Amino acid sequence: MELDEKSLKPRKLRKITKQRLQNIALYYLQRFETSVENLRTVLWRRVKDYAFYVPEFNVAEAEGWIEEILVDFQNRHYVDDKRFAELKIRDYLALGKSENYIRLKMAQKGVSDELVNQILSEQEFDPFQNALKLAKKKRIGPFRSAEERADFWQKDVAVLARAGFDYDVAKKVMEFSVED
């Protein structure tokens with residue numbers, strides 16, 4: 001396969017302005033609920049990409065624009081860390097995710113530990129029930145056939161441990177009987 005000139009050229013760069021960054025942010029928010037820190041990362045990535053191809057671009061000015069946009073969006077309630085965290089934590093709990101997993105994901109999105117603690121305390125969170133949901137979804141532990149359970153015991157416990165559940169919870173799930 002031969003490369004042509006067109007495939008070697010970067011896509012056409014559109015100048016980064018405050019209005020363009022605001023439009024990028026609005027388009028992102030139409031598709032995703034997000035945290036303030038995550039939206040900052042999305043906008044900052046676009047600025048860095050543009051600055052790579054246009055070295056004379058004033059990155060410090062763009063950083064100021066990003067902060068202005070974020071403050072404006074927070075005032076208009078377009079971006080709200082609490083709303084974002086409540087939605088994501090509720091979804092993670094419904095999927096059977098562990099508290100460790102939830103804390104890690106929220107930290108990656110820039111949500112404060114205090115906010116996560118507050119939301120988790122308001123939710124009905126039972127590690128055993130969440131581990132059971134995961135076991136059912138993955139068909140491990142008590143959801144395997146009786147013949148396979150002993151052969152896969154160690155692997156199933158490892159799956160639960162990698163998902164962030166402690167050994168006691170994993171052991172309790174493995175000892176659980178579906179008939180119960």
# chains A, B, ... in the order shown; residues from 1 in each chain; ligands from 1

call {"tool": "select_by_dssp", "arguments": {"residues": "range 27-79 of chain A", "states": "helix (DSSP H, G or I)", "output": "ChimeraX atom specification"}}
result
/A:27-31,36-53,59-75

call {"tool": "write_last_selection", "arguments": {"atoms": "N, CA and C atoms", "output": "short mmCIF file (atom, residue, chain, number, x, y, z; two decimals), in the first residue's frame"}}
result
data_model
loop_
_atom_site.label_atom_id
_atom_site.label_comp_id
_atom_site.auth_asym_id
_atom_site.auth_seq_id
_atom_site.Cartn_x
_atom_site.Cartn_y
_atom_site.Cartn_z
N TYR A 27 -20.07 20.92 23.61
CA TYR A 27 -20.29 19.70 22.84
C TYR A 27 -19.96 18.46 23.68
N TYR A 28 -18.89 18.53 24.46
CA TYR A 28 -18.51 17.43 25.33
C TYR A 28 -19.59 17.17 26.37
N LEU A 29 -20.12 18.26 26.94
CA LEU A 29 -21.15 18.13 27.98
C LEU A 29 -22.48 17.63 27.42
N GLN A 30 -22.72 17.82 26.13
CA GLN A 30 -23.92 17.26 25.52
C GLN A 30 -23.86 15.74 25.51
N ARG A 31 -22.67 15.20 25.44
CA ARG A 31 -22.50 13.76 25.33
C ARG A 31 -22.19 13.07 26.65
N VAL A 36 -15.39 18.69 36.99
CA VAL A 36 -14.67 19.91 36.61
C VAL A 36 -13.25 19.56 36.16
N GLU A 37 -12.59 18.73 36.93
CA GLU A 37 -11.20 18.37 36.62
C GLU A 37 -11.11 17.61 35.30
N ASN A 38 -12.05 16.75 35.02
CA ASN A 38 -12.03 16.00 33.77
C ASN A 38 -12.26 16.94 32.58
N LEU A 39 -13.17 17.88 32.71
CA LEU A 39 -13.41 18.84 31.63
C LEU A 39 -12.17 19.71 31.41
N ARG A 40 -11.50 20.08 32.49
CA ARG A 40 -10.25 20.84 32.39
C ARG A 40 -9.23 20.04 31.57
N THR A 41 -9.14 18.74 31.84
CA THR A 41 -8.20 17.88 31.13
C THR A 41 -8.54 17.80 29.64
N VAL A 42 -9.82 17.68 29.32
CA VAL A 42 -10.27 17.61 27.93
C VAL A 42 -9.88 18.89 27.19
N LEU A 43 -10.17 20.03 27.79
CA LEU A 43 -9.86 21.31 27.13
C LEU A 43 -8.35 21.53 27.04
N TRP A 44 -7.64 21.18 28.09
CA TRP A 44 -6.19 21.37 28.10
C TRP A 44 -5.53 20.52 27.02
N ARG A 45 -6.04 19.31 26.80
CA ARG A 45 -5.50 18.43 25.75
C ARG A 45 -5.65 19.09 24.38
N ARG A 46 -6.79 19.72 24.14
CA ARG A 46 -7.01 20.39 22.85
C ARG A 46 -6.04 21.57 22.68
N VAL A 47 -5.80 22.30 23.76
CA VAL A 47 -4.88 23.44 23.70
C VAL A 47 -3.46 22.94 23.41
N LYS A 48 -3.05 21.88 24.09
CA LYS A 48 -1.69 21.34 23.88
C LYS A 48 -1.52 20.83 22.45
N ASP A 49 -2.53 20.16 21.92
CA ASP A 49 -2.45 19.67 20.54
C ASP A 49 -2.27 20.83 19.56
N TYR A 50 -3.03 21.89 19.77
CA TYR A 50 -2.93 23.06 18.88
C TYR A 50 -1.57 23.72 19.04
N ALA A 51 -1.12 23.89 20.27
CA ALA A 51 0.16 24.56 20.53
C ALA A 51 1.34 23.78 19.96
N PHE A 52 1.20 22.47 19.81
CA PHE A 52 2.26 21.66 19.22
C PHE A 52 2.51 22.07 17.78
N TYR A 53 1.45 22.36 17.03
CA TYR A 53 1.56 22.71 15.62
C TYR A 53 1.73 24.22 15.41
N VAL A 59 -0.11 29.85 25.23
CA VAL A 59 -0.71 28.80 26.05
C VAL A 59 -1.20 29.36 27.39
N ALA A 60 -0.49 30.32 27.95
CA ALA A 60 -0.89 30.91 29.24
C ALA A 60 -2.24 31.60 29.11
N GLU A 61 -2.46 32.28 28.00
CA GLU A 61 -3.75 32.93 27.78
C GLU A 61 -4.86 31.89 27.66
N ALA A 62 -4.58 30.80 26.97
CA ALA A 62 -5.57 29.73 26.82
C ALA A 62 -5.89 29.08 28.17
N GLU A 63 -4.89 28.97 29.02
CA GLU A 63 -5.12 28.42 30.36
C GLU A 63 -6.09 29.31 31.14
N GLY A 64 -5.94 30.61 30.99
CA GLY A 64 -6.87 31.55 31.62
C GLY A 64 -8.29 31.38 31.07
N TRP A 65 -8.40 31.19 29.76
CA TRP A 65 -9.72 30.97 29.14
C TRP A 65 -10.38 29.72 29.72
N ILE A 66 -9.58 28.66 29.86
CA ILE A 66 -10.13 27.40 30.38
C ILE A 66 -10.68 27.62 31.78
N GLU A 67 -9.93 28.31 32.62
CA GLU A 67 -10.39 28.55 33.99
C GLU A 67 -11.66 29.41 34.01
N GLU A 68 -11.72 30.43 33.14
CA GLU A 68 -12.93 31.26 33.05
C GLU A 68 -14.14 30.43 32.62
N ILE A 69 -13.93 29.57 31.63
CA ILE A 69 -15.02 28.71 31.14
C ILE A 69 -15.50 27.78 32.25
N LEU A 70 -14.56 27.18 32.98
CA LEU A 70 -14.93 26.26 34.05
C LEU A 70 -15.72 26.96 35.16
N VAL A 71 -15.29 28.15 35.53
CA VAL A 71 -16.01 28.91 36.56
C VAL A 71 -17.41 29.25 36.06
N ASP A 72 -17.51 29.71 34.82
CA ASP A 72 -18.81 30.05 34.24
C ASP A 72 -19.72 28.83 34.20
N PHE A 73 -19.19 27.69 33.78
CA PHE A 73 -20.00 26.47 33.68
C PHE A 73 -20.43 25.98 35.05
N GLN A 74 -19.59 26.16 36.06
CA GLN A 74 -19.98 25.77 37.42
C GLN A 74 -21.09 26.69 37.93
N ASN A 75 -20.98 27.98 37.65
CA ASN A 75 -22.02 28.93 38.07
C ASN A 75 -23.36 28.64 37.39
#

call {"tool": "residues_around", "arguments": {"residues": "Ala94 in chain A", "least_positions_apart": "4", "cutoff": "9 Å", "atoms": "only C-alpha atoms", "output": "list in words"}}
result
Ile89, Arg90, Asn130 and Lys133 of chain A

call {"tool": "closest_atom_pairs", "arguments": {"of": "range 12-121 of chain A", "to": "range 149-168 of chain A", "cutoff": "8 Å", "atoms": "only C-alpha atoms", "output": "tab-separated table"}}
result
residue	atom	partner	partner_atom	distance
A:Lys97	CA	A:Ala163	CA	7.0
A:Ser98	CA	A:Gly164	CA	5.4
A:Glu99	CA	A:Gly164	CA	7.2
A:Asn100	CA	A:Gly164	CA	5.4
A:Tyr101	CA	A:Gly164	CA	5.8

call {"tool": "atom_distance", "arguments": {"atom1": "CA of Lys82 in chain A", "atom2": "CA of Glu124 in chain A"}}
result
17.3 Å

call {"tool": "atom_distance", "arguments": {"atom1": "CA of Phe32 in chain A", "atom2": "CA of Leu13 in chain A"}}
result
24.2 Å

call {"tool": "atom_distance", "arguments": {"atom1": "CA of Leu87 in chain A", "atom2": "CA of Ser35 in chain A"}}
result
11.1 Å

call {"tool": "closest_residue", "arguments": {"among": "A:Arg139, A:Glu147, A:Glu86, A:Leu21", "to": "Glu122 in chain A", "atoms": "only C-alpha atoms"}}
result
A:Glu86

call {"tool": "closest_residue", "arguments": {"among": "A:Glu56, A:Glu148, A:Glu33, A:Glu175", "to": "Lys88 in chain A", "atoms": "only C-alpha atoms"}}
result
A:Glu33

call {"tool": "residues_around", "arguments": {"residues": "Ala85 in chain A", "least_positions_apart": "3", "cutoff": "12 Å", "atoms": "only C-alpha atoms", "output": "MDAnalysis selection string"}}
result
chainID A and resid 33:36 79:82 88:93 102:103 105:120 123
